[in-house]
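Asker: For reference, this is structure06.cif, and it has mmCIF, N, CA and C atoms.
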data_upload
loop_
_atom_site.label_atom_id
_atom_site.label_comp_id
_atom_site.auth_asym_id
_atom_site.auth_seq_id
_atom_site.Cartn_x
_atom_site.Cartn_y
_atom_site.Cartn_z
N ASN A 1 80.81 -69.10 260.51
CA ASN A 1 81.16 -69.48 261.85
C ASN A 1 79.98 -70.24 262.46
N VAL A 2 80.21 -71.49 262.83
CA VAL A 2 79.17 -72.36 263.37
C VAL A 2 78.55 -71.76 264.63
N ALA A 3 79.36 -71.23 265.54
CA ALA A 3 78.84 -70.68 266.80
C ALA A 3 77.88 -69.52 266.54
N ARG A 4 78.20 -68.66 265.60
CA ARG A 4 77.33 -67.50 265.29
C ARG A 4 76.00 -67.98 264.72
N VAL A 5 76.04 -68.96 263.81
CA VAL A 5 74.80 -69.49 263.23
C VAL A 5 73.94 -70.13 264.30
N LEU A 6 74.54 -70.95 265.15
CA LEU A 6 73.77 -71.64 266.18
C LEU A 6 73.20 -70.66 267.20
N GLY A 7 73.95 -69.62 267.54
CA GLY A 7 73.45 -68.61 268.48
C GLY A 7 72.25 -67.88 267.92
N ALA A 8 72.22 -67.67 266.62
CA ALA A 8 71.09 -67.01 265.99
C ALA A 8 69.87 -67.92 265.91
N VAL A 9 70.10 -69.20 265.70
CA VAL A 9 69.00 -70.15 265.54
C VAL A 9 68.42 -70.57 266.89
N PHE A 10 69.23 -70.63 267.91
CA PHE A 10 68.80 -71.14 269.21
C PHE A 10 68.94 -70.10 270.33
N PRO A 11 68.41 -68.89 270.17
CA PRO A 11 68.63 -67.86 271.20
C PRO A 11 68.02 -68.23 272.55
N TRP A 12 66.93 -68.96 272.56
CA TRP A 12 66.29 -69.30 273.84
C TRP A 12 67.15 -70.28 274.63
N LEU A 13 67.98 -71.07 273.96
CA LEU A 13 68.88 -71.96 274.69
C LEU A 13 69.91 -71.16 275.47
N ILE A 14 70.39 -70.10 274.87
CA ILE A 14 71.37 -69.24 275.54
C ILE A 14 70.74 -68.61 276.77
N ARG A 15 69.44 -68.26 276.67
CA ARG A 15 68.75 -67.62 277.79
C ARG A 15 68.64 -68.55 279.00
N ILE A 16 68.71 -69.87 278.81
CA ILE A 16 68.63 -70.79 279.94
C ILE A 16 70.00 -71.42 280.23
N ASP A 17 71.05 -70.76 279.78
CA ASP A 17 72.43 -71.18 280.07
C ASP A 17 72.86 -72.48 279.41
N VAL A 18 72.22 -72.85 278.31
CA VAL A 18 72.74 -73.97 277.52
C VAL A 18 73.89 -73.39 276.70
N SER A 19 75.01 -74.06 276.72
CA SER A 19 76.16 -73.59 275.95
C SER A 19 76.44 -74.58 274.84
N PHE A 20 77.18 -74.13 273.87
CA PHE A 20 77.61 -75.04 272.82
C PHE A 20 79.00 -74.66 272.39
N GLU A 21 79.73 -75.68 271.97
CA GLU A 21 81.08 -75.45 271.50
C GLU A 21 81.20 -76.07 270.12
N PRO A 22 81.83 -75.35 269.19
CA PRO A 22 82.08 -75.95 267.89
C PRO A 22 82.88 -77.24 268.09
N HIS A 23 82.52 -78.26 267.35
CA HIS A 23 83.14 -79.56 267.53
C HIS A 23 82.92 -80.37 266.26
N GLU A 24 83.90 -81.15 265.88
CA GLU A 24 83.70 -82.06 264.76
C GLU A 24 82.81 -83.20 265.23
N VAL A 25 81.76 -83.49 264.46
CA VAL A 25 80.82 -84.56 264.80
C VAL A 25 80.72 -85.48 263.58
N ASN A 26 81.12 -86.73 263.76
CA ASN A 26 81.13 -87.70 262.67
C ASN A 26 81.86 -87.17 261.43
N GLY A 27 82.95 -86.48 261.65
CA GLY A 27 83.76 -85.97 260.55
C GLY A 27 83.25 -84.70 259.90
N GLN A 28 82.19 -84.12 260.44
CA GLN A 28 81.59 -82.91 259.88
C GLN A 28 81.69 -81.78 260.90
N PRO A 29 81.63 -80.53 260.43
CA PRO A 29 81.58 -79.43 261.39
C PRO A 29 80.27 -79.50 262.16
N GLY A 30 80.31 -79.14 263.41
CA GLY A 30 79.09 -79.19 264.21
C GLY A 30 79.31 -78.58 265.57
N ALA A 31 78.54 -79.04 266.53
CA ALA A 31 78.62 -78.50 267.88
C ALA A 31 78.10 -79.52 268.88
N ILE A 32 78.62 -79.38 270.10
CA ILE A 32 78.12 -80.15 271.24
C ILE A 32 77.43 -79.14 272.15
N PHE A 33 76.18 -79.41 272.48
CA PHE A 33 75.40 -78.56 273.38
C PHE A 33 75.48 -79.15 274.78
N ARG A 34 75.62 -78.27 275.79
CA ARG A 34 75.71 -78.71 277.18
C ARG A 34 74.77 -77.89 278.05
N ASP A 35 74.22 -78.53 279.08
CA ASP A 35 73.36 -77.80 280.00
C ASP A 35 74.23 -76.94 280.93
N ARG A 36 73.59 -76.22 281.83
CA ARG A 36 74.35 -75.30 282.70
C ARG A 36 75.33 -76.01 283.62
N ASP A 37 75.14 -77.33 283.81
CA ASP A 37 76.07 -78.11 284.63
C ASP A 37 77.18 -78.74 283.81
N GLY A 38 77.20 -78.48 282.50
CA GLY A 38 78.24 -79.02 281.63
C GLY A 38 77.95 -80.41 281.09
N LYS A 39 76.74 -80.93 281.38
CA LYS A 39 76.39 -82.25 280.88
C LYS A 39 75.95 -82.17 279.41
N VAL A 40 76.26 -83.22 278.66
CA VAL A 40 75.96 -83.26 277.23
C VAL A 40 74.45 -83.35 277.01
N LEU A 41 73.96 -82.47 276.18
CA LEU A 41 72.52 -82.40 275.88
C LEU A 41 72.23 -82.87 274.47
N TYR A 42 73.08 -82.49 273.51
CA TYR A 42 72.74 -82.64 272.11
C TYR A 42 74.01 -82.53 271.29
N ALA A 43 74.07 -83.26 270.20
CA ALA A 43 75.16 -83.10 269.24
C ALA A 43 74.53 -82.77 267.89
N LEU A 44 75.14 -81.84 267.19
CA LEU A 44 74.61 -81.39 265.91
C LEU A 44 75.76 -81.41 264.90
N ALA A 45 75.50 -81.98 263.72
CA ALA A 45 76.49 -82.01 262.65
C ALA A 45 75.90 -81.34 261.42
N LEU A 46 76.75 -80.62 260.70
CA LEU A 46 76.33 -79.94 259.48
C LEU A 46 77.04 -80.58 258.30
N ASP A 47 76.26 -81.02 257.32
CA ASP A 47 76.84 -81.48 256.06
C ASP A 47 77.00 -80.24 255.18
N VAL A 48 78.24 -79.92 254.86
CA VAL A 48 78.53 -78.70 254.11
C VAL A 48 79.13 -79.08 252.76
N LEU A 49 78.62 -78.46 251.70
CA LEU A 49 79.13 -78.66 250.35
C LEU A 49 79.27 -77.30 249.69
N ASP A 50 80.44 -77.01 249.18
CA ASP A 50 80.71 -75.72 248.53
C ASP A 50 80.34 -74.54 249.43
N GLY A 51 80.62 -74.68 250.73
CA GLY A 51 80.38 -73.59 251.67
C GLY A 51 78.93 -73.39 252.06
N LYS A 52 78.04 -74.29 251.64
CA LYS A 52 76.62 -74.17 251.99
C LYS A 52 76.16 -75.39 252.78
N ILE A 53 75.35 -75.13 253.80
CA ILE A 53 74.82 -76.23 254.61
C ILE A 53 73.79 -76.99 253.78
N GLN A 54 74.02 -78.28 253.64
CA GLN A 54 73.12 -79.15 252.87
C GLN A 54 72.13 -79.88 253.79
N THR A 55 72.64 -80.34 254.93
CA THR A 55 71.84 -81.13 255.86
C THR A 55 72.28 -80.83 257.28
N ILE A 56 71.32 -80.82 258.19
CA ILE A 56 71.61 -80.68 259.60
C ILE A 56 71.19 -81.98 260.27
N ARG A 57 72.12 -82.59 260.98
CA ARG A 57 71.83 -83.86 261.66
C ARG A 57 72.02 -83.65 263.16
N GLY A 58 71.08 -84.15 263.93
CA GLY A 58 71.15 -84.01 265.37
C GLY A 58 71.03 -85.34 266.08
N VAL A 59 71.68 -85.43 267.23
CA VAL A 59 71.60 -86.63 268.07
C VAL A 59 71.25 -86.17 269.47
N ILE A 60 70.17 -86.72 270.01
CA ILE A 60 69.76 -86.42 271.38
C ILE A 60 69.66 -87.70 272.22
N ASN A 61 69.79 -88.85 271.59
CA ASN A 61 69.70 -90.14 272.26
C ASN A 61 70.83 -90.27 273.29
N PRO A 62 70.49 -90.35 274.58
CA PRO A 62 71.54 -90.42 275.61
C PRO A 62 72.46 -91.63 275.45
N ASP A 63 71.96 -92.74 274.89
CA ASP A 63 72.81 -93.91 274.68
C ASP A 63 73.91 -93.62 273.66
N LYS A 64 73.64 -92.72 272.72
CA LYS A 64 74.63 -92.38 271.70
C LYS A 64 75.52 -91.23 272.11
N LEU A 65 75.13 -90.48 273.14
CA LEU A 65 75.91 -89.33 273.60
C LEU A 65 76.81 -89.65 274.78
N GLY A 66 76.56 -90.75 275.45
CA GLY A 66 77.26 -91.08 276.68
C GLY A 66 78.76 -91.15 276.56
N HIS A 67 79.28 -91.49 275.38
CA HIS A 67 80.74 -91.58 275.22
C HIS A 67 81.42 -90.21 275.27
N ILE A 68 80.63 -89.13 275.11
CA ILE A 68 81.19 -87.77 275.15
C ILE A 68 81.39 -87.32 276.60
N GLY A 69 80.49 -87.76 277.48
CA GLY A 69 80.56 -87.38 278.89
C GLY A 69 79.21 -87.58 279.54
N PRO A 70 79.06 -87.13 280.79
CA PRO A 70 77.77 -87.26 281.47
C PRO A 70 76.67 -86.58 280.64
N VAL A 71 75.51 -87.23 280.59
CA VAL A 71 74.41 -86.75 279.74
C VAL A 71 73.37 -86.01 280.57
N ALA A 72 72.88 -84.91 280.02
CA ALA A 72 71.88 -84.07 280.69
C ALA A 72 70.50 -84.71 280.65
N ASP A 73 69.61 -84.24 281.48
CA ASP A 73 68.20 -84.63 281.47
C ASP A 73 67.51 -83.76 280.41
N ALA A 74 67.38 -84.28 279.20
CA ALA A 74 66.83 -83.51 278.08
C ALA A 74 65.40 -83.07 278.34
N TRP A 75 64.62 -83.86 279.06
CA TRP A 75 63.23 -83.48 279.33
C TRP A 75 63.16 -82.26 280.24
N ALA A 76 64.03 -82.18 281.23
CA ALA A 76 64.06 -81.02 282.12
C ALA A 76 64.47 -79.77 281.34
N VAL A 77 65.45 -79.90 280.47
CA VAL A 77 65.88 -78.76 279.66
C VAL A 77 64.77 -78.34 278.71
N ASP A 78 64.06 -79.31 278.14
CA ASP A 78 62.93 -79.00 277.24
C ASP A 78 61.86 -78.19 277.97
N ARG A 79 61.54 -78.57 279.20
CA ARG A 79 60.55 -77.81 279.97
C ARG A 79 61.03 -76.38 280.22
N GLU A 80 62.31 -76.24 280.52
CA GLU A 80 62.86 -74.91 280.77
C GLU A 80 62.87 -74.06 279.50
N VAL A 81 63.17 -74.67 278.36
CA VAL A 81 63.13 -73.96 277.07
C VAL A 81 61.73 -73.45 276.79
N LYS A 82 60.73 -74.30 277.02
CA LYS A 82 59.34 -73.89 276.77
C LYS A 82 58.95 -72.71 277.64
N ARG A 83 59.38 -72.70 278.89
CA ARG A 83 59.11 -71.55 279.76
C ARG A 83 59.82 -70.31 279.24
N ALA A 84 61.07 -70.44 278.83
CA ALA A 84 61.86 -69.31 278.36
C ALA A 84 61.27 -68.72 277.07
N ARG A 85 60.74 -69.56 276.21
CA ARG A 85 60.17 -69.08 274.95
C ARG A 85 58.89 -68.29 275.18
N ARG A 86 58.19 -68.58 276.26
CA ARG A 86 56.94 -67.87 276.56
C ARG A 86 57.20 -66.52 277.22
N GLN A 87 58.38 -66.33 277.79
CA GLN A 87 58.69 -65.09 278.50
C GLN A 87 59.19 -64.04 277.51
N PRO A 88 58.83 -62.77 277.76
CA PRO A 88 59.37 -61.70 276.88
C PRO A 88 60.88 -61.61 277.02
N HIS A 89 61.51 -61.13 275.98
CA HIS A 89 62.97 -60.99 275.97
C HIS A 89 63.32 -59.96 276.97
#
Spell out the structure here as structure tokens.

Answerer:
Amino acid sequence: NVARVLGAVFPWLIRIDVSFEPHEVNGQPGAIFRDRDGKVLYALALDVLDGKIQTIRGVINPDKLGHIGPVADAWAVDREVKRARRQPH
């Protein structure tokens, strides 16, 4: 399950209300990450072969994400992630 894997890998994103939804990205299983306002932050695609992840591809370029919807301020989210990672759980 893509959502379970991503939740385990990116727990600090959940702590700052970044959400993600499983989504096909360039024909591959993946996810779209959104900030707390629902703006697109990141797209991630997984190349899967025989049930195993071979490659993880990510897109954060706002020019390439704009067709999905309004794009988040990735720098602001990055600053918030850094603060969240420094705080105890």

Asker: Between CA of Gly58 (chain A) and CA of Ser19 (chain A), what is the distance in Å, rounded to a tenth?

Answerer: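 Rounded to one decimal, the two atoms are 15.7 Å apart.
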
Asker: Excluding Ile32 (chain A) and any residue of its chain fewer than 3 positions from it, enumerate the residues within 7 Å of it, using only C-alpha atoms, and give them as JSON, numbers by chain.

Answerer: {"A": [20, 21, 22, 23, 42, 43, 44]}

Asker: Taking only C-alpha atoms into account, which of A:Ile16, A:Glu80, A:Asp63, A:Gln87 comes nearest Val40 (chain A)?

Answerer: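 Nearest candidate to Val40 (chain A) out of A:Ile16, A:Glu80, A:Asp63, A:Gln87: A:Asp63.
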
Asker: Just how far from atom N of Leu13 (chain A) is atom C of Asp73 (chain A), in Å to one decimal?

Answerer: 14.2 Å

Asker: Fewer than 4 positions away in the same chain doesn't count, so skip those; otherwise give me all residues within 6.5 Å of Gln28 (chain A), counting only N, CA and C atoms, as a VMD selection string.

Answerer: chain A and resid 23 to 24 45 to 47

Asker: So which residues of region 5-69 of chain A fall under helix (DSSP H, G or I) by DSSP, listed as a VMD selection string?

Answerer: chain A and resid 5 to 9 11 to 15 62 to 65

Asker: Which residue is closest to Asp37 (chain A)? Choose from A:Val18, A:Val25, A:Ile68, A:Ile53 and count all atoms listed in the file.

Answerer: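 Counting all atoms listed in the file, the residue closest to Asp37 (chain A) is A:Val18.
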
Asker: Fewer than 5 positions away in the same chain doesn't count, so skip those; otherwise give me all residues within 12 Å of Val81 (chain A), counting only C-alpha atoms, as JSON, numbers by chain.

Answerer: {"A": [10, 11, 12, 13, 14, 15, 16, 17, 18, 35, 74, 75, 76, 86, 87]}

Asker: Please rebuild region 66-77 of chain A with all heavy atoms and return the result as a PDB file, in the coordinates of the input.

Answerer:
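Wrote it out as result01.pdb, contents follow:
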ATOM      1  N   GLY A  66      76.560 -90.750 275.450  1.00  0.00           N
ATOM      2  CA  GLY A  66      77.260 -91.080 276.680  1.00  0.00           C
ATOM      3  C   GLY A  66      78.760 -91.150 276.560  1.00  0.00           C
ATOM      4  O   GLY A  66      79.481 -90.891 277.523  1.00  0.00           O
ATOM      5  N   HIS A  67      79.280 -91.490 275.380  1.00  0.00           N
ATOM      6  CA  HIS A  67      80.740 -91.580 275.220  1.00  0.00           C
ATOM      7  C   HIS A  67      81.420 -90.210 275.270  1.00  0.00           C
ATOM      8  O   HIS A  67      82.625 -90.116 275.467  1.00  0.00           O
ATOM      9  CB  HIS A  67      81.100 -92.306 273.921  1.00  0.00           C
ATOM     10  CG  HIS A  67      80.836 -91.513 272.691  1.00  0.00           C
ATOM     11  ND1 HIS A  67      79.575 -91.397 272.154  1.00  0.00           N
ATOM     12  CD2 HIS A  67      81.667 -90.778 271.917  1.00  0.00           C
ATOM     13  CE1 HIS A  67      79.647 -90.621 271.079  1.00  0.00           C
ATOM     14  NE2 HIS A  67      80.902 -90.236 270.913  1.00  0.00           N
ATOM     15  N   ILE A  68      80.630 -89.130 275.110  1.00  0.00           N
ATOM     16  CA  ILE A  68      81.190 -87.770 275.150  1.00  0.00           C
ATOM     17  C   ILE A  68      81.390 -87.320 276.600  1.00  0.00           C
ATOM     18  O   ILE A  68      82.306 -86.571 276.907  1.00  0.00           O
ATOM     19  CB  ILE A  68      80.272 -86.780 274.400  1.00  0.00           C
ATOM     20  CG1 ILE A  68      80.147 -87.205 272.938  1.00  0.00           C
ATOM     21  CG2 ILE A  68      80.790 -85.362 274.496  1.00  0.00           C
ATOM     22  CD1 ILE A  68      79.100 -86.437 272.164  1.00  0.00           C
ATOM     23  N   GLY A  69      80.490 -87.760 277.480  1.00  0.00           N
ATOM     24  CA  GLY A  69      80.560 -87.380 278.890  1.00  0.00           C
ATOM     25  C   GLY A  69      79.210 -87.580 279.540  1.00  0.00           C
ATOM     26  O   GLY A  69      78.286 -88.111 278.927  1.00  0.00           O
ATOM     27  N   PRO A  70      79.060 -87.130 280.790  1.00  0.00           N
ATOM     28  CA  PRO A  70      77.770 -87.260 281.470  1.00  0.00           C
ATOM     29  C   PRO A  70      76.670 -86.580 280.640  1.00  0.00           C
ATOM     30  O   PRO A  70      76.877 -85.502 280.083  1.00  0.00           O
ATOM     31  CB  PRO A  70      77.983 -86.529 282.797  1.00  0.00           C
ATOM     32  CG  PRO A  70      79.461 -86.535 282.999  1.00  0.00           C
ATOM     33  CD  PRO A  70      80.068 -86.490 281.629  1.00  0.00           C
ATOM     34  N   VAL A  71      75.510 -87.230 280.590  1.00  0.00           N
ATOM     35  CA  VAL A  71      74.410 -86.750 279.740  1.00  0.00           C
ATOM     36  C   VAL A  71      73.370 -86.010 280.570  1.00  0.00           C
ATOM     37  O   VAL A  71      73.022 -86.435 281.678  1.00  0.00           O
ATOM     38  CB  VAL A  71      73.761 -87.943 278.996  1.00  0.00           C
ATOM     39  CG1 VAL A  71      72.607 -87.486 278.134  1.00  0.00           C
ATOM     40  CG2 VAL A  71      74.810 -88.657 278.147  1.00  0.00           C
ATOM     41  N   ALA A  72      72.880 -84.910 280.020  1.00  0.00           N
ATOM     42  CA  ALA A  72      71.880 -84.070 280.690  1.00  0.00           C
ATOM     43  C   ALA A  72      70.500 -84.710 280.650  1.00  0.00           C
ATOM     44  O   ALA A  72      70.232 -85.603 279.831  1.00  0.00           O
ATOM     45  CB  ALA A  72      71.826 -82.702 280.013  1.00  0.00           C
ATOM     46  N   ASP A  73      69.610 -84.240 281.480  1.00  0.00           N
ATOM     47  CA  ASP A  73      68.200 -84.630 281.470  1.00  0.00           C
ATOM     48  C   ASP A  73      67.510 -83.760 280.410  1.00  0.00           C
ATOM     49  O   ASP A  73      67.120 -82.627 280.670  1.00  0.00           O
ATOM     50  CB  ASP A  73      67.585 -84.395 282.840  1.00  0.00           C
ATOM     51  CG  ASP A  73      66.110 -84.737 282.907  1.00  0.00           C
ATOM     52  OD1 ASP A  73      65.483 -85.006 281.852  1.00  0.00           O
ATOM     53  OD2 ASP A  73      65.557 -84.730 284.021  1.00  0.00           O
ATOM     54  N   ALA A  74      67.380 -84.280 279.200  1.00  0.00           N
ATOM     55  CA  ALA A  74      66.830 -83.510 278.080  1.00  0.00           C
ATOM     56  C   ALA A  74      65.400 -83.070 278.340  1.00  0.00           C
ATOM     57  O   ALA A  74      64.991 -81.989 277.898  1.00  0.00           O
ATOM     58  CB  ALA A  74      66.910 -84.330 276.797  1.00  0.00           C
ATOM     59  N   TRP A  75      64.620 -83.860 279.060  1.00  0.00           N
ATOM     60  CA  TRP A  75      63.230 -83.480 279.330  1.00  0.00           C
ATOM     61  C   TRP A  75      63.160 -82.260 280.240  1.00  0.00           C
ATOM     62  O   TRP A  75      62.338 -81.366 280.047  1.00  0.00           O
ATOM     63  CB  TRP A  75      62.447 -84.646 279.942  1.00  0.00           C
ATOM     64  CG  TRP A  75      62.269 -85.770 278.968  1.00  0.00           C
ATOM     65  CD1 TRP A  75      62.826 -87.013 279.040  1.00  0.00           C
ATOM     66  CD2 TRP A  75      61.508 -85.744 277.758  1.00  0.00           C
ATOM     67  NE1 TRP A  75      62.461 -87.754 277.952  1.00  0.00           N
ATOM     68  CE2 TRP A  75      61.643 -87.013 277.152  1.00  0.00           C
ATOM     69  CE3 TRP A  75      60.737 -84.783 277.129  1.00  0.00           C
ATOM     70  CZ2 TRP A  75      61.031 -87.334 275.949  1.00  0.00           C
ATOM     71  CZ3 TRP A  75      60.123 -85.112 275.926  1.00  0.00           C
ATOM     72  CH2 TRP A  75      60.270 -86.370 275.355  1.00  0.00           C
ATOM     73  N   ALA A  76      64.030 -82.180 281.230  1.00  0.00           N
ATOM     74  CA  ALA A  76      64.060 -81.020 282.120  1.00  0.00           C
ATOM     75  C   ALA A  76      64.470 -79.770 281.340  1.00  0.00           C
ATOM     76  O   ALA A  76      63.891 -78.699 281.526  1.00  0.00           O
ATOM     77  CB  ALA A  76      65.015 -81.262 283.286  1.00  0.00           C
ATOM     78  N   VAL A  77      65.450 -79.900 280.470  1.00  0.00           N
ATOM     79  CA  VAL A  77      65.880 -78.760 279.660  1.00  0.00           C
ATOM     80  C   VAL A  77      64.770 -78.340 278.710  1.00  0.00           C
ATOM     81  O   VAL A  77      64.511 -77.156 278.516  1.00  0.00           O
ATOM     82  CB  VAL A  77      67.184 -79.086 278.893  1.00  0.00           C
ATOM     83  CG1 VAL A  77      67.539 -77.978 277.922  1.00  0.00           C
ATOM     84  CG2 VAL A  77      68.322 -79.335 279.873  1.00  0.00           C
TER      85      VAL A  77
END
